[in-house]
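Chemist: File name entry.txt; file contents compact mmCIF, C-alpha atoms (C1' of nucleotides); full text below.
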# COMPACT_ATOMS: atom_id res chain seq x y z
CA MET L 1 4.04 16.06 -5.62
CA VAL L 2 1.64 13.75 -3.87
CA MET L 3 2.82 12.45 -0.54
CA ASP L 4 0.37 11.03 1.95
CA GLU L 5 1.21 9.87 5.43
CA LEU L 6 1.68 6.30 4.22
CA ASP L 7 4.51 7.36 1.92
CA THR L 8 5.95 9.41 4.74
CA ALA L 9 5.85 6.46 7.12
CA LEU L 10 7.61 4.27 4.56
CA LEU L 11 10.25 6.93 4.05
CA ARG L 12 10.85 7.13 7.75
CA ILE L 13 11.28 3.38 8.02
CA LEU L 14 13.56 3.02 5.02
CA GLN L 15 15.76 5.90 6.06
CA ASN L 16 16.35 4.18 9.37
CA ASP L 17 16.87 0.74 7.92
CA ALA L 18 16.88 0.24 4.18
CA ARG L 19 16.95 -3.52 4.61
CA ARG L 20 13.67 -3.91 6.43
CA THR L 21 11.66 -6.60 4.72
CA ASN L 22 8.63 -5.64 2.73
CA ARG L 23 6.40 -7.88 4.81
CA GLU L 24 7.62 -6.36 8.05
CA MET L 25 6.85 -2.86 6.87
CA ALA L 26 3.47 -3.91 5.53
CA ALA L 27 2.57 -5.50 8.85
CA GLU L 28 3.78 -2.48 10.80
CA LEU L 29 1.67 -0.13 8.70
CA GLY L 30 -1.32 -2.44 8.49
CA ILE L 31 -1.34 -2.83 4.71
CA ALA L 32 -0.86 -5.74 2.34
CA PRO L 33 2.70 -6.59 1.22
CA SER L 34 1.69 -6.04 -2.38
CA THR L 35 0.42 -2.58 -1.58
CA CYS L 36 3.55 -1.78 0.33
CA LEU L 37 5.70 -2.88 -2.56
CA GLU L 38 3.74 -0.74 -4.98
CA ARG L 39 4.10 2.35 -2.81
CA ILE L 40 7.84 1.87 -2.47
CA ARG L 41 8.20 1.34 -6.19
CA GLY L 42 6.27 4.55 -6.71
CA LEU L 43 8.63 6.41 -4.40
CA ARG L 44 11.60 5.13 -6.35
CA GLU L 45 10.10 5.89 -9.75
CA ARG L 46 9.16 9.41 -8.71
CA GLY L 47 12.70 9.88 -7.47
CA VAL L 48 11.69 10.51 -3.87
CA ILE L 49 13.98 7.66 -2.89
CA SER L 50 17.15 8.10 -4.91
CA GLY L 51 18.96 5.02 -3.65
CA TYR L 52 19.89 2.73 -0.81
CA HIS L 53 23.35 2.97 0.68
CA ALA L 54 25.31 1.18 3.37
CA ALA L 55 26.86 3.55 5.90
CA VAL L 56 30.50 2.77 6.58
CA ASP L 57 32.25 3.69 9.81
CA LEU L 58 35.22 5.87 8.91
CA GLN L 59 37.28 4.74 11.88
CA ALA L 60 36.93 1.13 10.76
CA ILE L 61 38.59 1.95 7.45
CA ASP L 62 41.28 4.09 9.05
CA ARG L 63 39.92 7.47 8.08
CA SER L 64 39.28 8.95 11.53
CA THR L 65 40.41 12.48 10.74
CA GLN L 66 37.86 14.77 9.13
CA ALA L 67 38.13 18.36 8.03
CA ILE L 68 36.24 21.10 6.28
CA ILE L 69 38.38 22.85 3.69
CA SER L 70 37.18 26.29 2.68
CA ILE L 71 38.29 27.35 -0.77
CA LYS L 72 38.08 30.67 -2.56
CA LEU L 73 38.88 30.79 -6.25
CA ARG L 74 40.60 33.61 -8.07
CA PRO L 75 37.92 35.75 -9.73
CA GLN L 76 39.48 35.11 -13.12
CA ALA L 77 39.25 31.37 -12.52
CA MET L 78 35.58 31.27 -11.60
CA ALA L 79 34.76 30.13 -15.12
CA LYS L 80 36.56 26.91 -14.34
CA ALA L 81 34.58 26.45 -11.15
CA THR L 82 32.76 23.38 -12.46
CA ALA L 83 35.95 21.66 -13.54
CA PHE L 84 37.52 22.42 -10.18
CA GLN L 85 34.48 21.11 -8.38
CA ASP L 86 34.56 17.87 -10.35
CA TYR L 87 38.21 17.45 -9.52
CA VAL L 88 37.65 17.78 -5.79
CA VAL L 89 34.55 15.58 -5.80
CA ARG L 90 36.55 12.82 -7.43
CA LEU L 91 39.32 12.95 -4.84
CA PRO L 92 39.04 9.77 -2.78
CA GLN L 93 39.33 11.78 0.42
CA THR L 94 36.25 13.87 -0.35
CA LEU L 95 32.98 13.04 1.38
CA ASP L 96 30.98 16.16 0.45
CA MET L 97 31.54 19.13 -1.78
CA PHE L 98 29.51 22.31 -1.32
CA MET L 99 29.44 25.27 -3.66
CA VAL L 100 28.37 28.13 -1.46
CA SER L 101 27.77 31.83 -1.25
CA GLY L 102 29.60 33.99 1.26
CA GLY L 103 33.23 34.25 2.13
CA SER L 104 34.22 31.03 0.39
CA ASP L 105 33.27 29.52 -2.94
CA PHE L 106 33.56 25.88 -1.90
CA LEU L 107 33.55 23.80 1.23
CA ALA L 108 35.04 20.34 0.95
CA HIS L 109 34.27 17.83 3.66
CA VAL L 110 37.08 15.29 3.67
CA ALA L 111 38.14 12.25 5.67
CA VAL L 112 41.74 11.10 5.86
CA LYS L 113 43.92 8.84 7.97
CA ASP L 114 45.50 11.43 10.23
CA THR L 115 46.49 15.07 10.43
CA GLN L 116 49.61 14.35 8.41
CA ALA L 117 47.46 13.09 5.55
CA LEU L 118 45.32 16.20 5.92
CA ARG L 119 48.40 18.36 5.64
CA ASP L 120 49.41 16.52 2.48
CA LEU L 121 45.96 16.94 1.01
CA VAL L 122 45.78 20.66 1.72
CA LEU L 123 49.25 21.26 0.34
CA ASP L 124 48.35 19.28 -2.72
CA LEU L 125 45.15 21.21 -3.26
CA ALA L 126 46.91 24.52 -2.77
CA LYS L 127 49.01 23.83 -5.85
CA ARG L 128 46.06 24.45 -8.13
CA GLN L 129 46.28 27.73 -9.93
CA GLU L 130 42.59 28.64 -9.65
CA ILE L 131 42.76 28.85 -5.86
CA ALA L 132 43.03 32.28 -4.30
CA ASP L 133 42.60 31.22 -0.69
CA ILE L 134 42.35 27.97 1.19
CA ARG L 135 41.87 27.28 4.88
CA SER L 136 41.07 24.09 6.71
CA SER L 137 39.16 23.34 9.89
CA VAL L 138 39.53 20.07 11.71
CA VAL L 139 36.22 18.38 12.49
CA PHE L 140 36.08 17.36 16.16
CA GLU L 141 32.62 15.88 15.88
CA HIS L 142 30.26 15.13 13.05
CA HIS L 143 26.63 14.16 13.42
CA HIS L 144 24.72 13.15 10.34
CA ARG L 145 20.95 12.89 10.29
CA THR L 146 19.85 10.03 8.10
CA THR L 147 16.15 10.58 8.63
CA VAL L 148 14.84 13.55 6.70
CA LEU L 149 11.14 13.70 7.27
CA PRO L 150 8.98 16.35 5.62
CA LEU L 151 8.67 19.46 7.76
CA MET E 1 41.32 -4.33 11.85
CA VAL E 2 41.33 -7.06 9.26
CA MET E 3 40.03 -6.03 5.88
CA ASP E 4 40.84 -8.07 2.82
CA GLU E 5 39.87 -7.20 -0.71
CA LEU E 6 36.72 -9.32 -0.47
CA ASP E 7 35.38 -7.17 2.37
CA THR E 8 36.36 -4.11 0.40
CA ALA E 9 34.49 -5.31 -2.67
CA LEU E 10 31.39 -6.00 -0.61
CA LEU E 11 31.62 -2.57 0.95
CA ARG E 12 31.85 -0.99 -2.46
CA ILE E 13 28.78 -2.84 -3.67
CA LEU E 14 26.65 -2.16 -0.60
CA GLN E 15 27.53 1.49 -0.55
CA ASN E 16 26.27 1.79 -4.09
CA ASP E 17 23.16 -0.28 -3.55
CA ALA E 18 22.32 -1.57 -0.11
CA ARG E 19 19.48 -3.67 -1.51
CA ARG E 20 21.55 -5.87 -3.77
CA THR E 21 20.62 -9.49 -3.11
CA ASN E 22 23.07 -11.71 -1.35
CA ARG E 23 23.08 -14.16 -4.24
CA GLU E 24 23.84 -11.45 -6.77
CA MET E 25 26.83 -10.23 -4.80
CA ALA E 26 28.07 -13.77 -4.25
CA ALA E 27 27.85 -14.50 -7.97
CA GLU E 28 29.58 -11.24 -8.85
CA LEU E 29 32.47 -11.97 -6.50
CA GLY E 30 32.64 -15.67 -7.31
CA ILE E 31 31.90 -16.93 -3.81
CA ALA E 32 29.12 -18.99 -2.25
CA PRO E 33 26.03 -17.14 -0.96
CA SER E 34 26.65 -18.54 2.50
CA THR E 35 30.18 -17.19 2.51
CA CYS E 36 28.96 -13.83 1.30
CA LEU E 37 26.38 -13.69 4.05
CA GLU E 38 28.96 -14.52 6.67
CA ARG E 39 31.32 -11.79 5.48
CA ILE E 40 28.58 -9.18 5.51
CA ARG E 41 27.47 -10.25 8.96
CA GLY E 42 31.07 -9.87 10.06
CA LEU E 43 31.23 -6.36 8.67
CA ARG E 44 28.09 -5.44 10.57
CA GLU E 45 29.23 -7.02 13.82
CA ARG E 46 32.59 -5.33 13.66
CA GLY E 47 30.83 -2.04 13.05
CA VAL E 48 32.38 -1.45 9.66
CA ILE E 49 28.89 -1.19 8.25
CA SER E 50 26.91 0.91 10.70
CA GLY E 51 23.58 0.75 8.90
CA TYR E 52 21.60 0.83 5.68
CA HIS E 53 19.73 3.98 4.75
CA ALA E 54 17.45 5.10 1.96
CA ALA E 55 18.55 8.38 0.37
CA VAL E 56 15.69 10.83 -0.04
CA ASP E 57 15.66 13.56 -2.65
CA LEU E 58 15.27 16.87 -0.85
CA GLN E 59 13.45 18.52 -3.73
CA ALA E 60 10.82 15.77 -3.66
CA ILE E 61 9.93 16.64 -0.08
CA ASP E 62 10.02 20.38 -0.69
CA ARG E 63 13.33 21.14 0.96
CA SER E 64 15.29 22.46 -2.02
CA THR E 65 17.11 25.23 -0.18
CA GLN E 66 20.27 24.26 1.63
CA ALA E 67 22.66 26.34 3.67
CA ILE E 68 25.74 26.11 5.83
CA ILE E 69 25.33 28.07 9.03
CA SER E 70 28.59 28.99 10.77
CA ILE E 71 28.23 29.53 14.48
CA LYS E 72 30.65 30.89 17.04
CA LEU E 73 29.76 30.60 20.71
CA ARG E 74 30.56 33.11 23.41
CA PRO E 75 33.69 31.95 25.23
CA GLN E 76 31.77 31.85 28.51
CA ALA E 77 29.16 29.57 26.91
CA MET E 78 31.58 26.99 25.54
CA ALA E 79 30.82 24.75 28.51
CA LYS E 80 27.33 24.38 27.13
CA ALA E 81 28.65 23.45 23.70
CA THR E 82 27.37 19.88 23.90
CA ALA E 83 23.88 20.95 24.87
CA PHE E 84 23.83 23.50 22.08
CA GLN E 85 25.05 20.89 19.63
CA ASP E 86 22.31 18.47 20.65
CA TYR E 87 19.73 21.17 20.21
CA VAL E 88 20.82 21.96 16.67
CA VAL E 89 21.16 18.30 15.70
CA ARG E 90 17.58 17.70 16.77
CA LEU E 91 16.22 20.55 14.67
CA PRO E 92 14.26 18.96 11.83
CA GLN E 93 16.00 21.24 9.34
CA THR E 94 19.46 19.99 10.24
CA LEU E 95 21.18 17.49 7.96
CA ASP E 96 24.69 17.63 9.44
CA MET E 97 26.28 19.23 12.44
CA PHE E 98 30.04 19.75 12.58
CA MET E 99 32.02 20.86 15.60
CA VAL E 100 35.15 22.36 14.11
CA SER E 101 38.34 24.21 14.83
CA GLY E 102 39.12 27.53 13.24
CA GLY E 103 37.06 30.67 12.91
CA SER E 104 33.78 29.00 13.85
CA ASP E 105 32.85 26.51 16.51
CA PHE E 106 30.05 24.80 14.60
CA LEU E 107 28.89 24.36 11.04
CA ALA E 108 25.28 23.33 10.58
CA HIS E 109 24.22 21.94 7.22
CA VAL E 110 20.50 22.55 6.89
CA ALA E 111 17.77 22.04 4.32
CA VAL E 112 14.61 24.11 4.28
CA LYS E 113 11.76 24.92 1.92
CA ASP E 114 12.96 28.30 0.65
CA THR E 115 15.08 31.28 1.55
CA GLN E 116 12.28 32.65 3.68
CA ALA E 117 12.37 29.53 5.81
CA LEU E 118 16.13 29.89 6.01
CA ARG E 119 15.73 33.42 7.23
CA ASP E 120 13.32 32.23 9.91
CA LEU E 121 15.66 29.50 10.99
CA VAL E 122 18.67 31.79 11.27
CA LEU E 123 16.70 34.41 13.18
CA ASP E 124 15.42 31.71 15.47
CA LEU E 125 18.88 30.33 16.11
CA ALA E 126 20.28 33.78 16.73
CA LYS E 127 18.01 34.12 19.74
CA ARG E 128 20.10 31.67 21.73
CA GLN E 129 22.21 33.34 24.35
CA GLU E 130 25.33 31.21 23.87
CA ILE E 131 25.84 32.45 20.32
CA ALA E 132 28.44 35.15 19.78
CA ASP E 133 28.38 35.14 15.98
CA ILE E 134 26.31 33.47 13.29
CA ARG E 135 26.59 33.69 9.53
CA SER E 136 24.91 31.66 6.83
CA SER E 137 25.99 30.61 3.35
CA VAL E 138 23.50 29.41 0.78
CA VAL E 139 24.48 26.09 -0.82
CA PHE E 140 24.26 26.35 -4.61
CA GLU E 141 25.35 22.79 -5.19
CA HIS E 142 25.95 19.82 -2.98
CA HIS E 143 27.63 16.58 -4.03
CA HIS E 144 27.72 13.73 -1.60
CA ARG E 145 29.95 10.74 -2.09
CA THR E 146 28.23 7.58 -0.89
CA THR E 147 31.11 5.29 -1.72
CA VAL E 148 33.96 5.59 0.77
CA LEU E 149 36.51 3.06 -0.22
CA PRO E 150 39.70 2.57 1.81
CA LEU E 151 42.53 4.78 0.57
C1' DC O 1 -30.33 8.91 -7.93
C1' DT O 2 -27.87 5.69 -10.58
C1' DG O 3 -24.71 3.76 -13.59
C1' DG O 4 -20.08 3.52 -15.15
C1' DC O 5 -15.19 4.50 -14.55
C1' DC O 6 -10.79 4.69 -12.46
C1' DA O 7 -7.52 4.31 -9.00
C1' DA O 8 -5.95 1.90 -5.06
C1' DC O 9 -5.77 -2.09 -2.32
C1' DC O 10 -5.96 -6.92 -1.34
C1' DG O 11 -4.86 -12.06 -1.18
C1' DA O 12 -3.20 -16.07 -3.25
C1' DA O 13 0.40 -18.37 -5.85
C1' DC O 14 5.00 -19.02 -7.64
C1' DG O 15 9.61 -18.40 -8.16
C1' DA O 16 13.58 -16.53 -5.88
C1' DC O 17 15.86 -15.51 -1.79
C1' DG O 18 18.00 -15.54 2.99
C1' DT O 19 19.79 -18.41 6.42
C1' DT O 20 21.38 -22.50 8.74
C1' DC O 21 24.17 -26.45 9.22
C1' DG O 22 27.24 -30.35 8.47
C1' DG O 23 31.18 -31.31 6.17
C1' DC O 24 35.61 -30.33 3.79
C1' DA O 25 40.05 -28.28 2.60
C1' DG O 26 44.01 -25.57 3.72
C1' DA O 27 46.99 -23.45 7.03
C1' DT O 28 49.30 -23.36 11.58
C1' DC O 29 51.48 -25.14 15.50
C1' DT O 30 53.42 -28.86 18.35
C1' DA S 1 52.95 -36.24 10.92
C1' DG S 2 48.92 -35.43 13.62
C1' DA S 3 45.78 -32.35 15.74
C1' DT S 4 43.37 -28.10 15.61
C1' DC S 5 41.22 -24.26 13.84
C1' DT S 6 39.50 -21.09 10.50
C1' DG S 7 37.14 -20.11 6.36
C1' DC S 8 34.51 -21.73 2.62
C1' DC S 9 31.13 -24.55 0.31
C1' DG S 10 26.53 -26.68 -1.15
C1' DA S 11 22.20 -28.47 -0.04
C1' DA S 12 17.84 -27.85 2.31
C1' DC S 13 14.16 -25.36 4.53
C1' DG S 14 11.44 -21.67 5.65
C1' DT S 15 10.61 -17.01 4.34
C1' DC S 16 10.34 -13.42 1.23
C1' DG S 17 9.61 -10.58 -3.05
C1' DT S 18 6.76 -10.07 -6.91
C1' DT S 19 2.98 -10.67 -10.05
C1' DC S 20 -1.77 -10.79 -11.24
C1' DG S 21 -6.80 -11.13 -11.20
C1' DG S 22 -10.46 -9.64 -8.58
C1' DT S 23 -12.73 -6.33 -5.40
C1' DT S 24 -13.78 -2.22 -3.18
C1' DG S 25 -14.66 2.64 -2.68
C1' DG S 26 -14.78 7.22 -4.44
C1' DC S 27 -16.01 10.35 -8.21
C1' DC S 28 -18.20 12.20 -12.10
C1' DA S 29 -21.77 12.29 -15.84
C1' DG S 30 -26.12 11.50 -17.22
Take the structure from the file and write it as structure tokens.
Modeler:
Amino acid sequence: MVMDELDTALLRILQNDARRTNREMAAELGIAPSTCLERIRGLRERGVISGYHAAVDLQAIDRSTQAIISIKLRPQAMAKATAFQDYVVRLPQTLDMFMVSGGSDFLAHVAVKDTQALRDLVLDLAKRQEIADIRSSVVFEHHHRTTVLPL
Amino acid sequence: MVMDELDTALLRILQNDARRTNREMAAELGIAPSTCLERIRGLRERGVISGYHAAVDLQAIDRSTQAIISIKLRPQAMAKATAFQDYVVRLPQTLDMFMVSGGSDFLAHVAVKDTQALRDLVLDLAKRQEIADIRSSVVFEHHHRTTVLPL
DNA sequence: CTGGCCAACCGAACGACGTTCGGCAGATCT
DNA sequence: AGATCTGCCGAACGTCGTTCGGTTGGCCAG
């Protein structure tokens, strides 16, 4: 996949602020607005940029408590792993869902109102028959990197 | 914190597509563009919306291999936890860094080119003196929810 | 060496957009 | 009931996104 340093610079800008105006970026990079627009459209069409999203502060919407829930399925239930995954992803509390190797099969990153709500969520999840083991870790701090530049 | 259903609707829209035009959103919600602009400015000023970010496809930038690295620090090194955390967050491979309770102290969500690069990263991390235990899980699938609506 | 070809970039022009501001309506309090 | 304040509206202005024709520079074939 082609990816010169102009594309990279645009990626870096748009990851920091997806609402930067086209003209601003063009001026900053020393290219014409029309060129800039074409490059960005190319990035979208090639799928390099998959979307633009507003980041919402979890505290502001009363979801200050985060946790990582590690889940191991019963070996006999692994066939239903996809269905289980879909279920968890669709839970409104879920922020991320990882299917992983190692000691657990899934890690669910969730955000809820408080520890009580976390308790309720875990107890609710534990009802599912396919689960062999479930353990939760409270997240004290979470840092997310929005800028993912090529290595 | 005040948060009526108009703010909520705007949040939902902007989380799905941060580049929607102000007029479009206003029309969709049946309000004037000026009103819409004012509400969004309010959300930003109150910190409900912390930013707008372009989402980049990791495969497109040759970072298709993801992992969760669980790290436990030596008890004597826990005082340096913040410094260690900063170090990992600044690694270009790091996507997320969680400080958690439970069996591990930190979970690092990383994206690298291939398993070889993952091996290098883990071996490099393991050199740090404050680490008592480190174990990595390959991420087979990762689903991220961009829309975080109030519960 | 030269001619032709193709891709990328530019600049102008037009329609659409963001943003501001004055005014208005509804609610609240005295 | 009158005053006050908050939130919303609609018009107007300057800016922006987007398109398109023309130009340049690099590359390959003859």
Chemist: Sorted by chain and rising residue number, which residues of chain L lie within 8 Å of chain O, and what are their closest atom pairs and distances in Å to one decimal, counting all atoms listed in the file, as CSV?
Modeler:
residue,atom,partner,partner_atom,distance
L:Ala32,CA,O:DC10,C1',6.4
L:Ser34,CA,O:DC10,C1',7.8
L:Thr35,CA,O:DC9,C1',6.3
Chemist: Using all atoms listed in the file, find each residue of chain E with at least one atom at most 7 Å away from an atom of chain L; report its shortest atom-to-atom pair and that distance in Å (one decimal), sort the rows by chain and rising residue number, and return the result as a Markdown table.
Modeler:
| residue | atom | partner | partner_atom | distance |
| --- | --- | --- | --- | --- |
| E:Leu14 | CA | L:Ala54 | CA | 5.4 |
| E:Gln15 | CA | L:Ala54 | CA | 4.5 |
| E:Asn16 | CA | L:His53 | CA | 5.7 |
| E:Asp17 | CA | L:Tyr52 | CA | 5.2 |
| E:Ala18 | CA | L:His53 | CA | 4.7 |
| E:Arg19 | CA | L:Tyr52 | CA | 6.5 |
| E:Gly47 | CA | L:Asp57 | CA | 6.7 |
| E:Val48 | CA | L:Asp57 | CA | 5.1 |
| E:Ile49 | CA | L:Val56 | CA | 4.6 |
| E:Ser50 | CA | L:Ala55 | CA | 5.5 |
| E:Gly51 | CA | L:Ala55 | CA | 5.3 |
| E:Tyr52 | CA | L:Ala54 | CA | 4.4 |
| E:His53 | CA | L:Gln15 | CA | 4.6 |
| E:Ala54 | CA | L:Tyr52 | CA | 4.4 |
| E:Ala55 | CA | L:Gly51 | CA | 5.3 |
| E:Val56 | CA | L:Ile49 | CA | 4.6 |
| E:Asp57 | CA | L:Val48 | CA | 5.2 |
| E:Ala60 | CA | L:Val48 | CA | 5.3 |
| E:Ile61 | CA | L:Pro150 | CA | 5.8 |
| E:Pro92 | CA | L:Leu151 | CA | 6.9 |
| E:Leu95 | CA | L:Arg145 | CA | 5.2 |
| E:Asp96 | CA | L:His144 | CA | 4.6 |
| E:Met97 | CA | L:His143 | CA | 5.2 |
| E:Phe98 | CA | L:His142 | CA | 4.6 |
| E:Met99 | CA | L:Glu141 | CA | 5.0 |
| E:Val100 | CA | L:Val139 | CA | 4.4 |
| E:Ser101 | CA | L:Ser137 | CA | 5.1 |
| E:Gly102 | CA | L:Ser137 | CA | 5.4 |
| E:Ser137 | CA | L:Ser101 | CA | 5.1 |
| E:Val138 | CA | L:Ser101 | CA | 5.3 |
| E:Val139 | CA | L:Val100 | CA | 4.4 |
| E:Phe140 | CA | L:Met99 | CA | 5.4 |
| E:Glu141 | CA | L:Met99 | CA | 5.0 |
| E:His142 | CA | L:Phe98 | CA | 4.7 |
| E:His143 | CA | L:Met97 | CA | 5.2 |
| E:His144 | CA | L:Asp96 | CA | 4.6 |
| E:Arg145 | CA | L:Leu95 | CA | 5.1 |
| E:Thr146 | CA | L:His53 | CA | 6.9 |
| E:Pro150 | CA | L:Ile61 | CA | 5.8 |
| E:Leu151 | CA | L:Pro92 | CA | 7.0 |
Chemist: Keeping only C-alpha atoms, write those residues as a CSV table (one decimal), in the frame of the given file.
Modeler:
chain,number,residue,atom,x,y,z
E,14,LEU,CA,26.6,-2.2,-0.6
E,15,GLN,CA,27.5,1.5,-0.6
E,16,ASN,CA,26.3,1.8,-4.1
E,17,ASP,CA,23.2,-0.3,-3.6
E,18,ALA,CA,22.3,-1.6,-0.1
E,19,ARG,CA,19.5,-3.7,-1.5
E,47,GLY,CA,30.8,-2.0,13.0
E,48,VAL,CA,32.4,-1.4,9.7
E,49,ILE,CA,28.9,-1.2,8.2
E,50,SER,CA,26.9,0.9,10.7
E,51,GLY,CA,23.6,0.8,8.9
E,52,TYR,CA,21.6,0.8,5.7
E,53,HIS,CA,19.7,4.0,4.8
E,54,ALA,CA,17.4,5.1,2.0
E,55,ALA,CA,18.6,8.4,0.4
E,56,VAL,CA,15.7,10.8,0.0
E,57,ASP,CA,15.7,13.6,-2.6
E,60,ALA,CA,10.8,15.8,-3.7
E,61,ILE,CA,9.9,16.6,-0.1
E,92,PRO,CA,14.3,19.0,11.8
E,95,LEU,CA,21.2,17.5,8.0
E,96,ASP,CA,24.7,17.6,9.4
E,97,MET,CA,26.3,19.2,12.4
E,98,PHE,CA,30.0,19.8,12.6
E,99,MET,CA,32.0,20.9,15.6
E,100,VAL,CA,35.2,22.4,14.1
E,101,SER,CA,38.3,24.2,14.8
E,102,GLY,CA,39.1,27.5,13.2
E,137,SER,CA,26.0,30.6,3.4
E,138,VAL,CA,23.5,29.4,0.8
E,139,VAL,CA,24.5,26.1,-0.8
E,140,PHE,CA,24.3,26.4,-4.6
E,141,GLU,CA,25.4,22.8,-5.2
E,142,HIS,CA,26.0,19.8,-3.0
E,143,HIS,CA,27.6,16.6,-4.0
E,144,HIS,CA,27.7,13.7,-1.6
E,145,ARG,CA,30.0,10.7,-2.1
E,146,THR,CA,28.2,7.6,-0.9
E,150,PRO,CA,39.7,2.6,1.8
E,151,LEU,CA,42.5,4.8,0.6
Chemist: Counting all atoms listed in the file, which residues of chain S sit at most 10 Å from some atom of chain L, and what is each one's closest atom pair with its distance in Å to one decimal, listed by chain and rising residue number, as a tab-separated table?
Modeler:
residue	atom	partner	partner_atom	distance
S:DC16	C1'	L:Arg23	CA	7.7
S:DG17	C1'	L:Asn22	CA	7.7
S:DT18	C1'	L:Ser34	CA	7.9
S:DT19	C1'	L:Ser34	CA	9.1
Chemist: Report the distance between CA of Arg119 in chain E and CA of Phe84 in chain E in Å, rounded to one decimal place.
Modeler: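 Distance reported for this atom pair: 19.6 Å.
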Chemist: For CA of Ala81 in chain E and CA of Leu118 in chain L, quote the distance in Å rounded to one decimal.
Modeler: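 Computing the Euclidean distance for CA of Ala81 in chain E and CA of Leu118 in chain L yields 25.4 Å.
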Chemist: For CA of Ile134 in chain L and CA of Ala83 in chain L, quote the distance in Å rounded to one decimal.
Modeler: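 Here the two named atoms are 17.3 Å from each other.
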